[in-house]
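Shown next: data_5.cif, containing mmCIF, C-alpha atoms and all ligand atoms.
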```cif
data_entry
#
loop_
_atom_site.label_atom_id
_atom_site.label_comp_id
_atom_site.auth_asym_id
_atom_site.auth_seq_id
_atom_site.Cartn_x
_atom_site.Cartn_y
_atom_site.Cartn_z
CA MET A 1 0.00 0.00 0.00
CA THR A 2 1.27 3.45 -0.84
CA LYS A 3 1.99 5.93 1.86
CA PRO A 4 -0.87 8.38 1.03
CA MET A 5 -3.32 5.41 1.19
CA TRP A 6 -2.20 4.62 4.77
CA ALA A 7 -2.53 8.22 5.75
CA LEU A 8 -6.07 8.30 4.38
CA LEU A 9 -7.11 5.14 6.31
CA ALA A 10 -5.57 6.36 9.56
CA GLY A 11 -7.30 9.68 9.02
CA SER A 12 -10.75 8.13 8.55
CA ALA A 13 -10.31 5.88 11.61
CA PHE A 14 -9.54 8.99 13.63
CA PHE A 15 -12.58 10.74 12.16
CA ILE A 16 -14.89 7.84 13.07
CA SER A 17 -13.63 7.78 16.67
CA VAL A 18 -14.30 11.54 16.93
CA ILE A 19 -17.88 11.02 15.74
CA GLN A 20 -18.42 8.26 18.31
CA ALA A 21 -17.02 10.46 21.07
CA GLN A 22 -19.73 13.02 20.28
CA ALA A 23 -22.55 10.68 21.36
CA PRO A 24 -21.62 9.78 24.95
CA VAL A 25 -23.88 7.67 27.13
CA PRO A 26 -26.18 10.04 29.06
CA PRO A 27 -24.79 10.30 32.63
CA ALA A 28 -28.09 10.00 34.53
CA THR A 29 -30.69 7.25 34.64
CA LEU A 30 -34.18 8.48 33.83
CA ASN A 31 -35.08 8.42 37.53
CA GLN A 32 -32.02 10.54 38.41
CA LEU A 33 -32.88 12.98 35.61
CA MET A 34 -36.43 13.34 36.98
CA ARG A 35 -35.27 13.85 40.58
CA GLY A 36 -32.42 16.19 39.63
CA THR A 37 -34.23 18.39 37.11
CA LEU A 38 -38.00 18.10 36.60
CA TYR A 39 -38.80 17.63 40.30
CA PRO A 40 -37.11 20.84 41.57
CA GLU A 41 -38.02 22.86 38.46
CA SER A 42 -41.71 22.00 38.54
CA ASN A 43 -41.85 22.76 42.28
CA VAL A 44 -40.77 26.34 41.53
CA VAL A 45 -43.53 26.68 38.90
CA PHE A 46 -46.16 24.99 41.13
CA ALA A 47 -45.23 27.28 44.05
CA ALA A 48 -46.38 30.28 42.00
CA GLN A 49 -49.97 29.00 42.23
CA ASP A 50 -50.17 29.80 45.95
CA VAL A 51 -47.57 32.49 46.47
CA ASN A 52 -47.09 35.56 44.31
CA PRO A 53 -43.40 35.23 43.36
CA ALA A 54 -43.05 39.03 43.44
CA ASP A 55 -43.73 38.89 47.21
CA VAL A 56 -41.05 36.29 47.99
CA PRO A 57 -38.24 38.02 49.92
CA ARG A 58 -34.61 37.59 48.90
CA ALA A 59 -32.55 35.16 50.98
CA LYS A 60 -29.97 36.60 53.35
CA ASP A 61 -27.27 35.52 50.91
CA PRO A 62 -29.13 35.25 47.57
CA ASN A 63 -26.04 33.92 45.77
CA MET A 64 -26.08 30.80 47.97
CA ALA A 65 -29.85 30.28 48.06
CA THR A 66 -31.11 26.75 47.47
CA ASP A 67 -34.70 28.03 47.18
CA LEU A 68 -34.55 29.53 43.69
CA LEU A 69 -37.45 31.90 44.37
CA THR A 70 -35.30 33.67 46.99
CA SER A 71 -32.07 33.59 44.95
CA SER A 72 -30.25 36.26 42.94
CA PHE A 73 -32.32 35.10 39.96
CA GLY A 74 -35.42 34.84 42.10
CA LYS A 75 -39.07 35.95 42.14
CA TRP A 76 -40.79 35.75 38.71
CA GLU A 77 -37.42 35.29 37.02
CA ALA A 78 -36.99 31.99 38.90
CA VAL A 79 -40.38 30.86 37.55
CA GLU A 80 -39.39 31.89 34.01
CA ASN A 81 -36.09 30.01 34.21
CA SER A 82 -37.59 26.88 35.75
CA ALA A 83 -40.34 26.80 33.10
CA LEU A 84 -37.70 27.09 30.37
CA ALA A 85 -35.61 24.38 32.03
CA ILE A 86 -38.64 22.04 31.94
CA ALA A 87 -39.07 22.76 28.22
CA GLU A 88 -35.36 22.04 27.66
CA VAL A 89 -35.44 18.78 29.62
CA ALA A 90 -38.19 17.56 27.27
CA THR A 91 -35.40 17.18 24.69
CA LEU A 92 -33.25 15.19 27.15
CA LEU A 93 -36.15 12.75 27.60
CA THR A 94 -35.85 11.86 23.90
CA VAL A 95 -32.06 11.31 23.81
CA PRO A 96 -31.24 7.68 22.93
CA GLY A 97 -28.94 5.55 25.13
CA ARG A 98 -30.39 6.46 28.54
CA LYS A 99 -31.54 3.70 30.91
CA CYS A 100 -34.39 3.66 33.37
CA ALA A 101 -33.46 2.69 36.95
CA ASN A 102 -34.46 -0.93 36.24
CA GLY A 103 -31.99 -1.17 33.34
CA VAL A 104 -34.65 -0.97 30.60
CA ASP A 105 -33.83 1.47 27.75
CA VAL A 106 -35.82 4.72 27.84
CA PRO A 107 -38.45 3.98 25.15
CA VAL A 108 -37.55 6.89 22.84
CA GLN A 109 -38.68 4.85 19.81
CA ASN A 110 -42.33 4.89 21.01
CA ALA A 111 -44.61 7.50 19.44
CA ASP A 112 -46.56 8.07 22.68
CA TRP A 113 -43.31 8.67 24.61
CA ILE A 114 -42.32 11.41 22.16
CA ARG A 115 -45.85 12.85 22.36
CA PHE A 116 -45.78 13.00 26.19
CA ALA A 117 -42.38 14.73 26.08
CA GLY A 118 -43.78 17.22 23.54
CA GLN A 119 -46.79 17.98 25.76
CA MET A 120 -44.42 18.70 28.62
CA ARG A 121 -42.36 21.04 26.44
CA ASP A 122 -45.53 22.91 25.42
CA ALA A 123 -46.69 23.18 29.05
CA GLY A 124 -43.25 24.51 30.02
CA MET A 125 -43.41 27.15 27.29
CA ALA A 126 -46.94 28.16 28.38
CA ALA A 127 -45.69 28.52 31.97
CA TYR A 128 -42.78 30.63 30.68
CA ALA A 129 -45.22 33.01 28.94
CA ALA A 130 -47.35 33.27 32.10
CA ALA A 131 -44.24 34.01 34.20
CA GLN A 132 -43.11 36.67 31.72
CA ALA A 133 -46.57 38.26 32.07
CA LYS A 134 -46.21 37.97 35.89
CA ASN A 135 -49.77 36.64 35.88
CA GLN A 136 -50.78 34.19 38.62
CA ASP A 137 -54.14 33.31 37.00
CA LYS A 138 -52.34 32.29 33.82
CA ILE A 139 -49.82 30.32 35.87
CA ILE A 140 -52.67 28.31 37.39
CA ASP A 141 -53.96 27.42 33.89
CA THR A 142 -50.51 26.30 32.83
CA THR A 143 -49.79 24.29 35.99
CA ASP A 144 -52.90 22.26 35.14
CA LEU A 145 -51.38 21.54 31.74
CA LEU A 146 -48.02 20.76 33.29
CA ALA A 147 -49.39 18.39 35.93
CA LYS A 148 -51.39 16.59 33.23
CA ALA A 149 -48.28 16.26 31.04
CA CYS A 150 -46.32 14.64 33.90
CA GLN A 151 -49.25 12.40 34.87
CA SER A 152 -50.06 11.15 31.36
CA CYS A 153 -46.56 9.79 30.93
CA HIS A 154 -46.31 8.50 34.51
CA SER A 155 -49.55 6.51 34.32
CA ARG A 156 -48.39 4.88 31.07
CA TYR A 157 -44.69 4.30 31.84
CA ARG A 158 -43.95 4.77 35.54
CA ASP A 159 -46.81 3.77 37.83
CA ARG A 160 -46.66 0.11 36.91
CA ARG A 161 -45.51 -2.88 38.88
CA GLY A 162 -41.75 -3.58 39.32
CA GLY A 163 -40.05 -4.56 36.08
CA GLU A 164 -42.81 -3.17 33.87
CA ARG A 165 -41.57 0.43 34.10
CA CYS A 166 -40.47 2.02 30.83
CA LYS A 167 -41.81 -0.88 28.72
C1 LIG B 1 -42.22 11.13 28.77
C2 LIG B 1 -42.51 10.54 30.06
C3 LIG B 1 -42.39 11.33 31.34
C4 LIG B 1 -42.69 12.66 31.53
C5 LIG B 1 -43.22 13.68 30.53
C6 LIG B 1 -42.40 12.94 32.93
N1 LIG B 1 -41.96 11.81 33.55
FE1 LIG B 1 -41.32 11.69 35.49
N2 LIG B 1 -40.88 9.71 35.23
C7 LIG B 1 -41.11 8.99 34.08
C8 LIG B 1 -40.68 7.61 34.28
C9 LIG B 1 -40.79 6.47 33.27
C10 LIG B 1 -40.17 7.54 35.60
C11 LIG B 1 -39.49 6.32 36.27
C12 LIG B 1 -38.03 6.36 35.85
C13 LIG B 1 -37.19 5.20 36.31
O1 LIG B 1 -37.65 4.32 37.02
O2 LIG B 1 -35.98 5.22 35.92
C14 LIG B 1 -40.32 8.89 36.17
C15 LIG B 1 -39.94 9.23 37.45
C16 LIG B 1 -40.13 10.46 38.03
C17 LIG B 1 -39.74 10.81 39.38
C18 LIG B 1 -39.05 9.90 40.37
C19 LIG B 1 -40.04 9.11 41.17
C20 LIG B 1 -39.41 8.18 42.18
O3 LIG B 1 -40.12 7.29 42.65
O4 LIG B 1 -38.25 8.35 42.50
C21 LIG B 1 -40.13 12.12 39.59
C22 LIG B 1 -39.95 12.94 40.86
C23 LIG B 1 -40.74 12.58 38.36
N3 LIG B 1 -40.73 11.55 37.43
C24 LIG B 1 -41.25 13.86 38.19
C25 LIG B 1 -41.77 14.33 36.98
C26 LIG B 1 -42.35 15.64 36.80
C27 LIG B 1 -42.51 16.67 37.89
C28 LIG B 1 -42.73 15.72 35.48
C29 LIG B 1 -43.40 16.87 34.77
C30 LIG B 1 -42.88 18.19 34.92
C31 LIG B 1 -42.38 14.45 34.85
N4 LIG B 1 -41.81 13.63 35.78
C32 LIG B 1 -42.60 14.17 33.51
C33 LIG B 1 -41.63 9.46 32.89
C34 LIG B 1 -41.97 10.79 32.63
#
```
Representation of the structure as structure tokens:
Amino acid sequence: MTKPMWALLAGSAFFISVIQAQAPVPPATLNQLMRGTLYPESNVVFAAQDVNPADVPRAKDPNMATDLLTSSFGKWEAVENSALAIAEVATLLTVPGRKCANGVDVPVQNADWIRFAGQMRDAGMAAYAAAQAKNQDKIIDTTDLLAKACQSCHSRYRDRRGGERCK
């Protein structure tokens, strides 16, 4: 084989390994993703049903606050950002290669899974608009949508006996 031929082969092998490195296995199981992202984010949005975020006082040290509503990016801005985060996580729910806690692949190939994730994205975007408008009545409409989006998927894929989750 001529020298340029070798160089070409070595080059394409390198290229292929770079492509593979771009699709790493998602770090979290689905359960960890839910607990680490959607659970805290939706609590911030749901809190705005009962408490006007504008009235939530800043924490003593807002930069260190673990309650986002009292943080440096608090009040209605915290609701905006959490609603957007929910919409963003909808995409993470459709990434292939993630496992559920029981070792079953997240069923991203199922049409209803993709639809449930899409409903959650839409509910997140509706909550974002309501937070931008600083409108508690609108927030209450959108938290209905959001709760339904979580529940539809949970009753189909989560709230089933033992090994049946995610199937
Ligand atoms: C597309 C489907 C889907 C959507 C949408 C969804 N979830 Fe989940 N969720 C699941 C599944 C499936 C599990 C179980 C995961 C596992 O066992 O690995 C789960 C687990 C959880 C858990 C962990 C429960 C436990 O027992 O530890 C929480 C908390 C959670 N979801 C919150 C939410 C919230 C809040 C929303 C809406 C903002 C939401 N989820 C939207 C499918 C979904």
### Message
Taking all atoms listed in the file into account, name the residue in A:Ala149, A:Val108, A:Ala78, A:Ala23 that is nearest to Ala65 of chain A.
### Response
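Between A:Ala149, A:Val108, A:Ala78, A:Ala23, the residue approaching Ala65 of chain A most closely is A:Ala78.
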### Task
Please write as a PyMOL selection string the list of polymer residues whose atoms come within 8 Å of (-44.1, 23.9, 36.7), counting all atoms listed in the file and keeping to the coordinates of the file.
chain A and resi 41-46+79+82-83+86+124+127+142-143+146-147
Just C-alpha atoms for this one: save the residues we selected as an mmCIF file, keeping the file's coordinate frame.
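In the end it all went to result_1.cif:
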```cif
data_model
loop_
_atom_site.group_PDB
_atom_site.id
_atom_site.type_symbol
_atom_site.label_atom_id
_atom_site.label_comp_id
_atom_site.auth_asym_id
_atom_site.auth_seq_id
_atom_site.Cartn_x
_atom_site.Cartn_y
_atom_site.Cartn_z
ATOM 1 C CA GLU A 41 -38.020 22.860 38.460
ATOM 2 C CA SER A 42 -41.710 22.000 38.540
ATOM 3 C CA ASN A 43 -41.850 22.760 42.280
ATOM 4 C CA VAL A 44 -40.770 26.340 41.530
ATOM 5 C CA VAL A 45 -43.530 26.680 38.900
ATOM 6 C CA PHE A 46 -46.160 24.990 41.130
ATOM 7 C CA VAL A 79 -40.380 30.860 37.550
ATOM 8 C CA SER A 82 -37.590 26.880 35.750
ATOM 9 C CA ALA A 83 -40.340 26.800 33.100
ATOM 10 C CA ILE A 86 -38.640 22.040 31.940
ATOM 11 C CA GLY A 124 -43.250 24.510 30.020
ATOM 12 C CA ALA A 127 -45.690 28.520 31.970
ATOM 13 C CA THR A 142 -50.510 26.300 32.830
ATOM 14 C CA THR A 143 -49.790 24.290 35.990
ATOM 15 C CA LEU A 146 -48.020 20.760 33.290
ATOM 16 C CA ALA A 147 -49.390 18.390 35.930
#
```
Protein and nucleic acid residues within 9 Å of ligand LIG 1 (chain B) (all atoms listed in the file) as a compact mmCIF listing (two decimals) with C-alpha atoms, in the frame of the given file:
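Wrote out.txt, looks like this:
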```txt
# COMPACT_ATOMS: atom_id res chain seq x y z
CA THR A 29 -30.69 7.25 34.64
CA LEU A 30 -34.18 8.48 33.83
CA ASN A 31 -35.08 8.42 37.53
CA GLN A 32 -32.02 10.54 38.41
CA LEU A 33 -32.88 12.98 35.61
CA MET A 34 -36.43 13.34 36.98
CA ARG A 35 -35.27 13.85 40.58
CA GLY A 36 -32.42 16.19 39.63
CA THR A 37 -34.23 18.39 37.11
CA LEU A 38 -38.00 18.10 36.60
CA TYR A 39 -38.80 17.63 40.30
CA PRO A 40 -37.11 20.84 41.57
CA GLU A 41 -38.02 22.86 38.46
CA SER A 42 -41.71 22.00 38.54
CA ASN A 43 -41.85 22.76 42.28
CA ILE A 86 -38.64 22.04 31.94
CA ALA A 87 -39.07 22.76 28.22
CA ALA A 90 -38.19 17.56 27.27
CA LEU A 93 -36.15 12.75 27.60
CA THR A 94 -35.85 11.86 23.90
CA LYS A 99 -31.54 3.70 30.91
CA CYS A 100 -34.39 3.66 33.37
CA ALA A 101 -33.46 2.69 36.95
CA ASN A 102 -34.46 -0.93 36.24
CA GLY A 103 -31.99 -1.17 33.34
CA VAL A 104 -34.65 -0.97 30.60
CA VAL A 106 -35.82 4.72 27.84
CA PRO A 107 -38.45 3.98 25.15
CA VAL A 108 -37.55 6.89 22.84
CA ASP A 112 -46.56 8.07 22.68
CA TRP A 113 -43.31 8.67 24.61
CA ILE A 114 -42.32 11.41 22.16
CA ARG A 115 -45.85 12.85 22.36
CA PHE A 116 -45.78 13.00 26.19
CA ALA A 117 -42.38 14.73 26.08
CA GLY A 118 -43.78 17.22 23.54
CA GLN A 119 -46.79 17.98 25.76
CA MET A 120 -44.42 18.70 28.62
CA ARG A 121 -42.36 21.04 26.44
CA ALA A 123 -46.69 23.18 29.05
CA GLY A 124 -43.25 24.51 30.02
CA LEU A 146 -48.02 20.76 33.29
CA ALA A 147 -49.39 18.39 35.93
CA LYS A 148 -51.39 16.59 33.23
CA ALA A 149 -48.28 16.26 31.04
CA CYS A 150 -46.32 14.64 33.90
CA GLN A 151 -49.25 12.40 34.87
CA SER A 152 -50.06 11.15 31.36
CA CYS A 153 -46.56 9.79 30.93
CA HIS A 154 -46.31 8.50 34.51
CA SER A 155 -49.55 6.51 34.32
CA ARG A 156 -48.39 4.88 31.07
CA TYR A 157 -44.69 4.30 31.84
CA ARG A 158 -43.95 4.77 35.54
CA ASP A 159 -46.81 3.77 37.83
CA ARG A 165 -41.57 0.43 34.10
CA CYS A 166 -40.47 2.02 30.83
CA LYS A 167 -41.81 -0.88 28.72
```
### Message
Excluding Ala133 of chain A and its own-chain neighbours fewer than 3 positions away, which residues fall within 12 Å of it when counting all atoms listed in the file? Please give them as a PyMOL selection string.
### Response
chain A and resi 54+76-77+79-80+126-130+136-139
Those same residues - C-alpha atoms - I'd like them written as an mmCIF file, in the frame of the given file.
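The resulting file, out_10.cif, is shown below:
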```
data_model
loop_
_atom_site.group_PDB
_atom_site.id
_atom_site.type_symbol
_atom_site.label_atom_id
_atom_site.label_comp_id
_atom_site.auth_asym_id
_atom_site.auth_seq_id
_atom_site.Cartn_x
_atom_site.Cartn_y
_atom_site.Cartn_z
ATOM 1 C CA ALA A 54 -43.050 39.030 43.440
ATOM 2 C CA TRP A 76 -40.790 35.750 38.710
ATOM 3 C CA GLU A 77 -37.420 35.290 37.020
ATOM 4 C CA VAL A 79 -40.380 30.860 37.550
ATOM 5 C CA GLU A 80 -39.390 31.890 34.010
ATOM 6 C CA ALA A 126 -46.940 28.160 28.380
ATOM 7 C CA ALA A 127 -45.690 28.520 31.970
ATOM 8 C CA TYR A 128 -42.780 30.630 30.680
ATOM 9 C CA ALA A 129 -45.220 33.010 28.940
ATOM 10 C CA ALA A 130 -47.350 33.270 32.100
ATOM 11 C CA GLN A 136 -50.780 34.190 38.620
ATOM 12 C CA ASP A 137 -54.140 33.310 37.000
ATOM 13 C CA LYS A 138 -52.340 32.290 33.820
ATOM 14 C CA ILE A 139 -49.820 30.320 35.870
#
```
### Summary
Here atom CA of Ala47 of chain A and atom CA of Asn81 of chain A stand apart by 13.7 Å
